[in-house]
Amino acid sequence: MGFGHNNVLPANHFRKDWQRRVRTWFDQPGRKLRRRTARKTKAATLGVRPLTLLRPAVRAQTVRYNRKVREGRGFTHAELKEAGIGRKEARGVGIVVDHRRRNLSEEGKKINVERLQAYKARLIVFPRKAGKPKKGDSSAEDLKATTTRAGVPLPDGIAAEGPRKITAEEREFKAFRTLRVARANQRHEGVRKARAAKASPLFSSLRN
């Protein structure tokens with residue numbers, strides 16, 4: 001807002017004591033040292049455990065970034081089941097589980113299953129009591145092996161399929177129709193099972 005001519009500025013506030021409201025950053029070196037000391041203390045407390053939790057390899061979002069492979073939030077139940085690891089067991093050995101994530105491709109699922117299997121092969125579970133090992137603890141020979149705290153590296157990427165000719169079977173395949181039929185079958189599965197059970201002779205004999 002401007003003022004014309006050589007008039008007095010109305011309602012001028014020039015005594016706001018702004019020095020008291022300035023946010024300073026003089027404790028930055030001290031905070032840096034404190035964070036470094038906290039990391040060292042945490043690493044010493046963790047012992048021989050991995051420095052980071054194991055997370056899946058996923059594609060970044062949107063068409064712009066989906067060529068990049070990054071760490072996801074957690075592994076799906078299907079990936080854990082195929083790798084032979086239980087959900088509760090996974091959380092105890094440093095594997096993150098995400099019950100909301102879904103596998104949208106066999107290639108992505110295979111990469112994460114291989115990632116879990118590689119982690120499981122390197123995993124050494126120390127017993128709480130040396131004289132009383134429990135089920136799932138590593139053997140005495142495995143406990144003597146050298147340990148590493150480095151995580152499983154991310155894969156370089158999923159190789160894209162090269163160009164090829166479309167087959168006659170693929171031309172005849174109706175993707176939308178197949179998806180709709182599969183969706184309808186899933187929705188009506190429970191009703192159809194109940195109807196089939198009611199129509200069975202065993203059900204009618206029980207009623208009589």
# chains A, B, ... in the order shown; residues from 1 in each chain; ligands from 1
>>> select_by_dssp(residues="chain A", states="strand (DSSP E)", output="MDAnalysis selection string")
chainID A and resid 57:59 69:71
>>> select_by_dssp(residues="stretch 16-198 of chain A", states="helix (DSSP H, G or I)", output="PyMOL selection string")
chain A and resi 18-21+28-46+62-65+77-83+87-92+106-122+140-143+168-172+175-187+189-198
>>> atom_distance(atom1="atom CA of A:Val96", atom2="atom CA of A:Pro155")
17.9 Å
>>> residues_around(residues="A:Leu123", least_positions_apart="3", cutoff="9 Å", atoms="only C-alpha atoms", output="list in words")
Val93, Ala118, Tyr119, Lys120, Ser138 and Thr147 of chain A
>>> closest_atom_pairs(of="stretch 62-118 of chain A", to="stretch 35-55 of chain A", cutoff="9 Å", atoms="only C-alpha atoms", output="CSV")
residue,atom,partner,partner_atom,distance
A:Glu71,CA,A:Arg55,CA,5.8
A:Gly72,CA,A:Arg55,CA,5.9
A:Arg73,CA,A:Arg55,CA,6.3
A:Gly74,CA,A:Arg55,CA,5.3
A:Phe75,CA,A:Arg55,CA,6.6
A:Val93,CA,A:Leu53,CA,8.8
A:Gly94,CA,A:Leu53,CA,5.1
A:Ile95,CA,A:Leu54,CA,4.9
A:Val96,CA,A:Arg55,CA,5.9
A:Val97,CA,A:Arg55,CA,8.2
A:Asn112,CA,A:Arg55,CA,8.9
A:Leu116,CA,A:Leu54,CA,8.4
